[in-house]
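The file my_file.cif comes next; it holds mmCIF, C-alpha atoms.
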data_query
#
loop_
_atom_site.label_atom_id
_atom_site.label_comp_id
_atom_site.auth_asym_id
_atom_site.auth_seq_id
_atom_site.Cartn_x
_atom_site.Cartn_y
_atom_site.Cartn_z
CA MET N 1 41.54 8.35 -11.36
CA ILE N 2 38.60 7.67 -13.72
CA ASN N 3 38.07 4.22 -12.24
CA ARG N 4 38.01 5.71 -8.74
CA ASN N 5 35.38 8.28 -9.81
CA ILE N 6 33.28 5.57 -11.41
CA LEU N 7 33.54 3.42 -8.29
CA THR N 8 32.57 6.36 -6.09
CA PHE N 9 29.60 7.10 -8.35
CA PHE N 10 28.33 3.51 -8.23
CA ALA N 11 28.89 3.33 -4.47
CA PHE N 12 26.85 6.52 -4.10
CA VAL N 13 24.04 5.18 -6.31
CA PHE N 14 24.07 1.89 -4.40
CA MET N 15 23.82 3.71 -1.08
CA ILE N 16 20.89 5.81 -2.31
CA LEU N 17 19.06 2.72 -3.58
CA ALA N 18 19.71 0.80 -0.38
CA LEU N 19 18.57 3.72 1.76
CA SER N 20 15.40 4.31 -0.29
CA SER N 21 14.62 0.60 -0.11
CA VAL N 22 14.92 0.62 3.68
CA ILE N 23 12.81 3.79 3.97
CA SER N 24 10.11 2.58 1.58
CA HIS N 25 10.01 -0.81 3.30
CA ALA N 26 9.61 0.82 6.69
CA GLN N 27 6.95 3.26 5.50
CA ASP N 28 5.09 1.03 3.13
CA TYR N 29 5.20 -2.39 4.74
CA ASN N 30 1.42 -2.65 4.47
CA SER N 31 1.39 -2.41 0.72
CA SER N 32 4.27 -4.81 0.13
CA LYS N 33 3.24 -7.64 -2.14
CA GLU N 34 3.51 -10.34 0.46
CA TYR N 35 1.26 -8.58 2.94
CA ALA N 36 -0.85 -6.46 0.63
CA ILE N 37 -4.00 -5.18 2.34
CA LYS N 38 -7.43 -5.45 0.77
CA ASP N 39 -8.96 -2.51 -1.11
CA TYR N 40 -11.37 -1.25 1.51
CA HIS N 41 -9.00 -1.69 4.43
CA THR N 42 -6.43 0.23 2.38
CA LYS N 43 -8.97 2.95 1.68
CA ILE N 44 -9.49 3.56 5.37
CA ALA N 45 -5.72 3.30 5.95
CA ILE N 46 -5.85 0.26 8.21
CA GLY N 47 -2.33 -0.64 9.36
CA CYS N 48 -0.72 -3.87 10.61
CA VAL N 49 -1.23 -3.00 14.28
CA ASN N 50 -4.97 -2.49 13.84
CA CYS N 51 -5.33 -6.27 13.47
CA HIS N 52 -2.07 -7.75 14.76
CA GLU N 53 -0.64 -7.35 18.23
CA GLY N 54 2.70 -5.69 18.83
CA THR N 55 5.13 -4.01 16.51
CA ASP N 56 7.43 -6.95 15.77
CA LYS N 57 6.09 -8.02 12.39
CA THR N 58 8.12 -11.23 12.40
CA LYS N 59 6.00 -12.47 15.31
CA TYR N 60 2.63 -11.77 13.71
CA LYS N 61 0.17 -14.66 13.66
CA ALA N 62 -3.13 -15.21 11.87
CA VAL N 63 -5.78 -13.18 13.68
CA PRO N 64 -8.73 -14.82 15.44
CA GLU N 65 -12.28 -14.12 14.29
CA SER N 66 -12.80 -11.94 17.33
CA THR N 67 -10.42 -9.41 15.75
CA CYS N 68 -12.60 -9.19 12.62
CA LEU N 69 -15.71 -8.87 14.78
CA SER N 70 -14.22 -6.13 16.95
CA CYS N 71 -15.04 -3.84 13.99
CA HIS N 72 -17.65 -5.87 12.09
CA ILE N 73 -19.56 -6.39 15.38
CA SER N 74 -21.19 -9.81 14.87
CA LYS N 75 -21.79 -12.50 12.28
CA GLU N 76 -25.53 -11.88 12.59
CA LYS N 77 -25.05 -8.22 11.76
CA VAL N 78 -22.86 -9.04 8.77
CA ALA N 79 -25.48 -11.58 7.62
CA ASP N 80 -28.27 -9.04 8.03
CA ARG N 81 -26.66 -6.75 5.46
CA LEU N 82 -27.07 -9.46 2.81
CA ALA N 83 -30.49 -10.61 4.01
CA PHE N 84 -31.98 -9.53 0.66
CA LEU N 85 -30.29 -12.60 -0.90
CA GLY N 86 -32.62 -14.82 1.14
CA GLY N 87 -31.54 -18.49 1.09
CA LYS N 88 -28.46 -17.57 -0.97
CA ASN N 89 -27.03 -15.30 1.71
CA PRO N 90 -23.42 -16.53 2.06
CA HIS N 91 -23.23 -15.07 5.58
CA SER N 92 -26.28 -17.06 6.67
CA SER N 93 -26.45 -20.02 4.33
CA VAL N 94 -28.79 -22.99 4.56
CA HIS N 95 -25.74 -25.11 5.36
CA ASP N 96 -24.05 -23.12 8.11
CA GLY N 97 -26.38 -20.32 9.16
CA PRO N 98 -24.40 -17.37 10.47
CA ASN N 99 -21.79 -19.66 12.03
CA LEU N 100 -19.21 -20.02 9.27
CA SER N 101 -15.70 -18.86 10.08
CA CYS N 102 -14.72 -15.58 8.40
CA HIS N 103 -11.48 -17.26 7.33
CA GLU N 104 -13.28 -19.92 5.26
CA CYS N 105 -13.67 -17.37 2.49
CA HIS N 106 -12.07 -14.04 3.43
CA ASN N 107 -8.33 -13.53 3.32
CA SER N 108 -6.68 -10.23 4.10
CA HIS N 109 -3.30 -10.69 2.47
CA LYS N 110 -4.18 -12.91 -0.49
CA PRO N 111 -7.22 -13.34 -2.77
CA SER N 112 -10.30 -14.51 -0.94
CA TYR N 113 -11.91 -17.84 -1.72
CA ASN N 114 -15.55 -18.31 -2.72
CA MET N 115 -16.42 -21.56 -0.99
CA CYS N 116 -20.01 -21.54 -2.32
CA LYS N 117 -18.51 -21.89 -5.78
CA ASP N 118 -17.21 -25.36 -4.90
CA CYS N 119 -20.71 -26.73 -5.45
CA HIS N 120 -22.85 -23.88 -6.83
CA ASN N 121 -22.81 -21.65 -9.88
CA THR N 122 -22.77 -18.35 -8.00
CA LYS N 123 -22.65 -16.03 -11.01
CA ASN N 124 -26.32 -15.10 -10.68
CA TRP N 125 -26.29 -14.29 -6.99
CA MET N 126 -22.83 -13.27 -5.96
CA ARG N 127 -20.17 -10.97 -7.32
CA GLU N 128 -16.57 -12.08 -7.39
CA ILE N 129 -15.00 -11.70 -3.97
CA LYS N 130 -11.56 -10.13 -3.93
CA MET I 1 -42.58 60.85 14.69
CA LYS I 2 -45.65 58.63 14.35
CA LYS I 3 -44.64 57.80 10.80
CA LYS I 4 -41.17 56.82 12.00
CA PHE I 5 -42.58 54.41 14.59
CA THR I 6 -44.96 52.95 12.00
CA LEU I 7 -42.02 52.30 9.65
CA ILE I 8 -39.96 50.71 12.45
CA PHE I 9 -42.95 48.53 13.41
CA ILE I 10 -43.48 47.42 9.81
CA GLY I 11 -39.75 46.72 9.48
CA ILE I 12 -39.71 44.56 12.62
CA LEU I 13 -42.88 42.77 11.50
CA LEU I 14 -41.49 42.04 8.01
CA GLY I 15 -38.13 40.99 9.48
CA GLY I 16 -39.89 38.65 11.90
CA ILE I 17 -42.01 37.14 9.14
CA MET I 18 -38.92 36.64 6.95
CA ILE I 19 -36.88 35.04 9.75
CA TYR I 20 -39.72 32.79 10.89
CA GLY I 21 -40.76 32.00 7.30
CA GLY I 22 -37.17 31.28 6.27
CA HIS I 23 -36.61 29.04 9.28
CA TYR I 24 -39.91 27.24 8.61
CA ALA I 25 -39.05 26.75 4.92
CA VAL I 26 -35.54 25.45 5.71
CA LYS I 27 -36.96 23.04 8.30
CA GLN I 28 -39.81 21.79 6.11
CA THR I 29 -37.50 21.14 3.15
CA GLY I 30 -34.95 19.27 5.26
CA ASP I 31 -36.89 16.19 6.32
CA LEU I 32 -39.55 13.69 5.34
CA PRO I 33 -42.01 13.95 3.68
CA PHE I 34 -40.41 16.64 1.49
CA CYS I 35 -37.12 14.80 0.81
CA GLY I 36 -38.86 11.49 0.25
CA ALA I 37 -41.61 12.85 -1.98
CA CYS I 38 -40.07 11.51 -5.18
CA HIS I 39 -40.50 7.83 -6.03
CA VAL I 40 -36.77 7.27 -6.54
CA MET I 41 -36.26 8.02 -2.85
CA THR I 42 -38.40 5.05 -1.72
CA PRO I 43 -35.41 2.77 -0.85
CA MET I 44 -33.72 5.59 1.03
CA VAL I 45 -36.93 6.38 2.95
CA ASN I 46 -37.64 2.73 3.82
CA SER I 47 -34.07 2.04 4.98
CA TYR I 48 -34.11 5.26 7.02
CA LYS I 49 -37.37 4.27 8.70
CA ASN I 50 -35.75 0.95 9.73
CA ASP I 51 -32.71 2.72 11.20
CA VAL I 52 -32.35 4.03 14.75
CA HIS I 53 -31.73 7.51 13.32
CA SER I 54 -35.40 7.76 12.33
CA GLY I 55 -36.30 7.77 16.03
CA ILE I 56 -37.33 4.13 16.45
CA SER I 57 -34.88 3.49 19.29
CA LYS I 58 -35.99 3.50 22.94
CA LYS I 59 -34.58 6.99 23.37
CA GLY I 60 -36.58 8.16 20.36
CA VAL I 61 -33.90 10.59 19.21
CA LYS I 62 -34.47 11.42 15.57
CA ALA I 63 -32.15 12.82 12.91
CA SER I 64 -33.66 14.52 9.88
CA CYS I 65 -32.28 14.13 6.34
CA THR I 66 -30.33 17.37 6.59
CA SER I 67 -28.90 16.41 10.00
CA CYS I 68 -26.48 14.21 8.06
CA HIS I 69 -26.67 15.39 4.44
CA LEU I 70 -25.75 19.03 5.05
CA PRO I 71 -22.64 20.47 6.72
CA HIS I 72 -23.10 21.82 10.24
CA ASP I 73 -19.83 23.72 10.60
CA SER I 74 -21.40 27.13 9.87
CA ILE I 75 -24.81 28.55 9.03
CA PHE I 76 -23.36 30.04 5.83
CA ASN I 77 -21.98 26.69 4.65
CA TYR I 78 -25.24 24.98 5.66
CA LEU I 79 -27.44 27.34 3.66
CA THR I 80 -25.08 27.59 0.69
CA THR I 81 -24.77 23.80 0.39
CA LYS I 82 -28.53 23.44 0.80
CA ALA I 83 -29.13 25.96 -1.99
CA ILE I 84 -26.61 24.36 -4.36
CA THR I 85 -27.49 20.70 -3.78
CA GLY I 86 -31.21 21.50 -3.57
CA SER I 87 -31.16 23.34 -6.90
CA TYR I 88 -29.15 20.53 -8.52
CA GLU I 89 -31.53 17.84 -7.28
CA LEU I 90 -34.56 19.89 -8.30
CA ALA I 91 -33.15 20.25 -11.82
CA ILE I 92 -32.29 16.52 -12.05
CA THR I 93 -35.80 15.59 -10.92
CA ALA I 94 -37.56 18.15 -13.14
CA LEU I 95 -35.64 16.84 -16.16
CA GLY I 96 -36.58 13.26 -15.25
CA LYS I 97 -32.90 12.30 -14.92
CA ASP I 98 -33.28 11.03 -11.36
CA LYS I 99 -34.31 7.64 -12.77
CA ASP I 100 -30.94 7.33 -14.52
CA VAL I 101 -28.93 7.64 -11.30
CA ASP I 102 -27.05 4.48 -10.32
CA TRP I 103 -28.03 4.60 -6.64
CA LEU I 104 -26.14 1.42 -5.75
CA LYS I 105 -22.94 2.85 -7.22
CA LYS I 106 -23.59 6.20 -5.60
CA ARG I 107 -23.04 4.61 -2.18
CA ASP I 108 -19.30 4.39 -3.02
CA ASN I 109 -19.28 8.18 -3.00
CA LYS I 110 -20.90 8.58 0.41
CA GLU I 111 -18.05 10.63 1.89
CA HIS I 112 -19.13 13.47 -0.41
CA TYR I 113 -22.74 13.71 0.69
CA VAL I 114 -22.65 12.72 4.36
CA TYR I 115 -20.99 15.34 6.50
CA ASP I 116 -18.93 14.55 9.60
CA SER I 117 -19.95 17.88 11.09
CA GLY I 118 -23.54 16.60 10.95
CA CYS I 119 -22.62 13.43 12.85
CA MET I 120 -20.58 15.41 15.38
CA SER I 121 -23.37 17.89 16.04
CA CYS I 122 -25.18 15.06 17.88
CA HIS I 123 -22.33 12.66 18.70
CA ASN I 124 -20.20 15.51 19.99
CA GLU I 125 -18.25 13.45 22.52
CA ILE I 126 -17.71 10.37 20.36
CA LEU I 127 -14.02 11.10 19.76
CA ILE I 128 -13.11 11.79 23.38
CA VAL I 129 -15.22 9.28 25.26
CA LYS I 130 -13.06 6.58 26.91
CA ASN I 131 -15.64 4.60 28.87
CA VAL I 132 -16.72 2.17 26.16
CA SER I 133 -17.49 -1.54 26.07
CA ASN I 134 -15.46 -2.15 22.90
CA PRO I 135 -11.86 -0.80 23.12
CA LYS I 136 -11.64 -1.02 19.32
CA GLN I 137 -13.94 2.00 19.23
CA ILE I 138 -11.30 4.17 20.91
CA GLU I 139 -8.52 2.75 18.74
CA MET I 140 -10.35 3.42 15.48
CA HIS I 141 -11.58 6.85 16.51
CA ASP I 142 -7.97 7.75 17.38
CA HIS I 143 -7.10 6.44 13.92
CA TYR I 144 -9.74 8.79 12.46
CA ILE I 145 -8.25 11.74 14.35
CA ALA I 146 -4.69 10.86 13.25
CA LEU I 147 -5.74 10.86 9.59
CA GLN I 148 -7.46 14.26 9.69
CA ASN I 149 -5.87 16.81 7.35
CA THR I 150 -3.74 14.16 5.66
CA ASN I 151 -4.13 12.74 2.15
CA LYS I 152 -5.59 9.60 3.76
CA GLN I 153 -8.34 11.44 5.63
CA ILE I 154 -11.42 9.32 6.24
CA SER I 155 -15.00 10.18 7.17
CA CYS I 156 -17.42 8.74 9.70
CA VAL I 157 -19.20 6.87 6.90
CA SER I 158 -15.94 5.37 5.64
CA CYS I 159 -16.36 2.85 8.47
CA HIS I 160 -20.00 3.31 9.48
CA VAL I 161 -21.04 2.42 5.96
CA ASN I 162 -24.75 1.80 6.55
CA VAL I 163 -25.41 4.44 9.16
CA GLY I 164 -28.78 6.14 8.83
CA HIS I 165 -30.14 3.70 6.27
CA LYS I 166 -30.40 0.16 7.58
CA ASN I 167 -29.96 -2.41 4.81
CA LEU I 168 -30.04 0.23 2.07
CA ARG I 169 -28.48 -2.22 -0.36
CA GLY I 170 -31.36 -4.64 0.20
CA GLU I 171 -33.96 -1.89 -0.27
CA LEU I 172 -32.24 -0.75 -3.48
CA ASN I 173 -32.15 -4.33 -4.71
CA LYS I 174 -35.95 -4.48 -4.55
CA ILE I 175 -36.02 -1.94 -7.39
CA TYR I 176 -32.58 -2.30 -8.97
CA PRO I 177 -31.63 -5.99 -8.60
CA GLU I 178 -27.88 -6.56 -8.74
CA PHE I 179 -28.34 -10.22 -9.64
CA LYS I 180 -30.88 -11.26 -12.28
#

As structure tokens:
Amino acid sequence: MINRNILTFFAFVFMILALSSVISHAQDYNSSKEYAIKDYHTKIAIGCVNCHEGTDKTKYKAVPESTCLSCHISKEKVADRLAFLGGKNPHSSVHDGPNLSCHECHNSHKPSYNMCKDCHNTKNWMREIK
Amino acid sequence: MKKKFTLIFIGILLGGIMIYGGHYAVKQTGDLPFCGACHVMTPMVNSYKNDVHSGISKKGVKASCTSCHLPHDSIFNYLTTKAITGSYELAITALGKDKDVDWLKKRDNKEHYVYDSGCMSCHNEILIVKNVSNPKQIEMHDHYIALQNTNKQISCVSCHVNVGHKNLRGELNKIYPEFK
């Protein structure tokens, strides 16, 4: 009898855990580790479908630059915001002008990559990108 | 009887002077040059003058400082907020503490001093308009509506981060350089 009660208890706990896992996964897919969303996009509660097409998350692909620019308008506009950096403006550099792909440095689901740092010491003119 | 009419006339005259004077005072203290009189406001003034909201667009429509930086949901809220924030800023300036404000950092807090009701008082159809060149506008404005009255509520300036002050960060960097 005791063993049966113990088994029922563990089965109940298991069911609760499984159910909460399913619910939390469904509700909080965006903040899962694998597809964590960047700070500011999280702040404004951007969801998967705001960048990716459809609701089947298994079919999601990397988004084209046009998706970024549907909100951020244009590369020139993004570059203009950092115009005060002059020749060190990473969005309008002496190498690429305002033509660099967003994806060269910015990642949405993993840490971004500071490409300037490959050759330059950027400490004095750029903060760490997340 | 004559005395009664005289008193009524004086009452109307004083009331008129108070209403007109009050309206004039509120208007004069809600725009440049009053708001930009202090030196610390130079970056905010310059970036505002470079923005379409200062009236430099072809249409020439101009928003004053208080068009955005005071709530427009009720006259009571407008005047109360003006009195409270105005008194606070006057005290900060009089004590010379305005120079200690981290203006670059303060931009992170913009949802607290730019009021959606101010934006909506001019852009009153922005959330319902469907004839737009960029469909993302409708999608994100629907997103804004969906988040209202939730714990994830966002403001106009949560996305329109530079609105009203073009290249404010650059103007602030002229006085408070981020990189030395």

For I:Arg107, please output as a compact mmCIF listing (two decimals) with C-alpha atoms, keeping the file's coordinate frame all residues within 9 Å (counting all atoms listed in the file; exclusion window: fewer than 3 positions along the same chain).
# COMPACT_ATOMS: atom_id res chain seq x y z
CA TRP I 103 -28.03 4.60 -6.64
CA LEU I 104 -26.14 1.42 -5.75
CA LYS I 110 -20.90 8.58 0.41
CA GLU I 111 -18.05 10.63 1.89
CA VAL I 161 -21.04 2.42 5.96
CA ARG I 169 -28.48 -2.22 -0.36

Within 6 Å of chain N: residues of chain I, using only C-alpha atoms, as a PyMOL selection string: chain I and resi 167+170+179

Starting from the PyMOL selection byres ((chain N and resi 61-66) around 10), expand the selection into actual residues of this file and give them as a compact mmCIF listing (two decimals) with C-alpha atoms, in the frame of the given file.
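Listed below is the output, out.txt:
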# COMPACT_ATOMS: atom_id res chain seq x y z
CA CYS N 51 -5.33 -6.27 13.47
CA HIS N 52 -2.07 -7.75 14.76
CA GLU N 53 -0.64 -7.35 18.23
CA LYS N 57 6.09 -8.02 12.39
CA THR N 58 8.12 -11.23 12.40
CA LYS N 59 6.00 -12.47 15.31
CA TYR N 60 2.63 -11.77 13.71
CA THR N 67 -10.42 -9.41 15.75
CA CYS N 68 -12.60 -9.19 12.62
CA LEU N 69 -15.71 -8.87 14.78
CA SER N 70 -14.22 -6.13 16.95
CA CYS N 71 -15.04 -3.84 13.99
CA HIS N 72 -17.65 -5.87 12.09
CA ILE N 73 -19.56 -6.39 15.38
CA SER N 74 -21.19 -9.81 14.87
CA LYS N 75 -21.79 -12.50 12.28
CA SER N 101 -15.70 -18.86 10.08
CA CYS N 102 -14.72 -15.58 8.40
CA HIS N 103 -11.48 -17.26 7.33
CA SER N 108 -6.68 -10.23 4.10

Closest of I:Gln137, I:Val40, I:Met18, I:Tyr115 to I:Lys97 - atom-to-atom distances counting all atoms listed in the file: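 Among the listed residues, the smallest separation from I:Lys97 belongs to I:Val40.
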
Which residues of stretch 60-129 of chain I come within 10 Å of stretch 139-158 of chain I, and what is each one's closest atom pair and distance in Å (one decimal), counting all atoms listed in the file, sorted by chain and residue number, as CSV?
residue,atom,partner,partner_atom,distance
I:Asp108,CA,I:Ser158,CA,9.3
I:Asn109,CA,I:Ser158,CA,9.7
I:Lys110,CA,I:Val157,CA,6.9
I:Glu111,CA,I:Ser155,CA,6.1
I:His112,CA,I:Ser155,CA,9.2
I:Tyr113,CA,I:Val157,CA,9.9
I:Val114,CA,I:Val157,CA,7.3
I:Tyr115,CA,I:Ser155,CA,7.9
I:Asp116,CA,I:Cys156,CA,6.0
I:Ser117,CA,I:Cys156,CA,9.6
I:Cys119,CA,I:Cys156,CA,7.7
I:Met120,CA,I:Cys156,CA,9.3
I:Ile126,CA,I:His141,CA,8.0
I:Leu127,CA,I:His141,CA,5.9
I:Ile128,CA,I:His141,CA,8.6
I:Val129,CA,I:His141,CA,9.8

Straight-line distance linking atom CA of N:Tyr35 with atom CA of N:Asn107, stated in Å to one decimal: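 Rounded to one decimal, the two atoms are 10.8 Å apart.
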
Target residues per the PyMOL selection byres ((chain I and resi 51) around 6), formatted as a list in words: Tyr48, Lys49, Asn50, Val52, His53, Ser54, Gly164, His165 and Lys166 of chain I

Mind writing the picked residues with C-alpha atoms as an mmCIF file, in the frame of the given file?
data_model
loop_
_atom_site.group_PDB
_atom_site.id
_atom_site.type_symbol
_atom_site.label_atom_id
_atom_site.label_comp_id
_atom_site.auth_asym_id
_atom_site.auth_seq_id
_atom_site.Cartn_x
_atom_site.Cartn_y
_atom_site.Cartn_z
ATOM 1 C CA TYR I 48 -34.110 5.260 7.020
ATOM 2 C CA LYS I 49 -37.370 4.270 8.700
ATOM 3 C CA ASN I 50 -35.750 0.950 9.730
ATOM 4 C CA VAL I 52 -32.350 4.030 14.750
ATOM 5 C CA HIS I 53 -31.730 7.510 13.320
ATOM 6 C CA SER I 54 -35.400 7.760 12.330
ATOM 7 C CA GLY I 164 -28.780 6.140 8.830
ATOM 8 C CA HIS I 165 -30.140 3.700 6.270
ATOM 9 C CA LYS I 166 -30.400 0.160 7.580
#

Separation of atom CA of N:Lys130 from atom CA of N:Glu104 in Å: 13.5 Å

Interatomic distance (Å, one decimal) between atom CA of I:Ser47 and atom CA of N:Cys105: 28.3 Å

Name the residues in contact with I:Ser67 at a cut-off of 9 Å, using only C-alpha atoms, excluding same-chain residues fewer than 5 positions from it; report them as a tab-separated table (two decimals) with C-alpha atoms, in the frame of the given file.
chain	number	residue	atom	x	y	z
I	30	GLY	CA	-34.95	19.27	5.26
I	31	ASP	CA	-36.89	16.19	6.32
I	72	HIS	CA	-23.10	21.82	10.24
I	115	TYR	CA	-20.99	15.34	6.50
I	118	GLY	CA	-23.54	16.60	10.95
I	119	CYS	CA	-22.62	13.43	12.85
I	121	SER	CA	-23.37	17.89	16.04
I	122	CYS	CA	-25.18	15.06	17.88

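Proximity of I:Ala63, I:Cys38, I:Met44, I:Phe76 to I:Ile92, computed with only C-alpha atoms, is greatest for I:Cys38.
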
Shell around stretch 88-91 of chain I at 12 Å using all atoms listed in the file, local window under 5 positions removed, as a list of chain:residue names: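 Using all atoms listed in the file, the neighbours found are I:Thr29, I:Phe34, I:Cys35, I:Ala37, I:Cys38, I:Val40, I:Met41, I:Thr81, I:Lys82, I:Ala83, I:Gly96, I:Lys97, I:Asp98, I:Lys99, I:Val101.
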
6 Å per side around stretch 90-99 of chain N: axis-aligned box centre and edge lengths, as JSON:
{"center_x": -25.3, "center_y": -20.1, "center_z": 7.0, "size_x": 19.0, "size_y": 22.0, "size_z": 22.0}
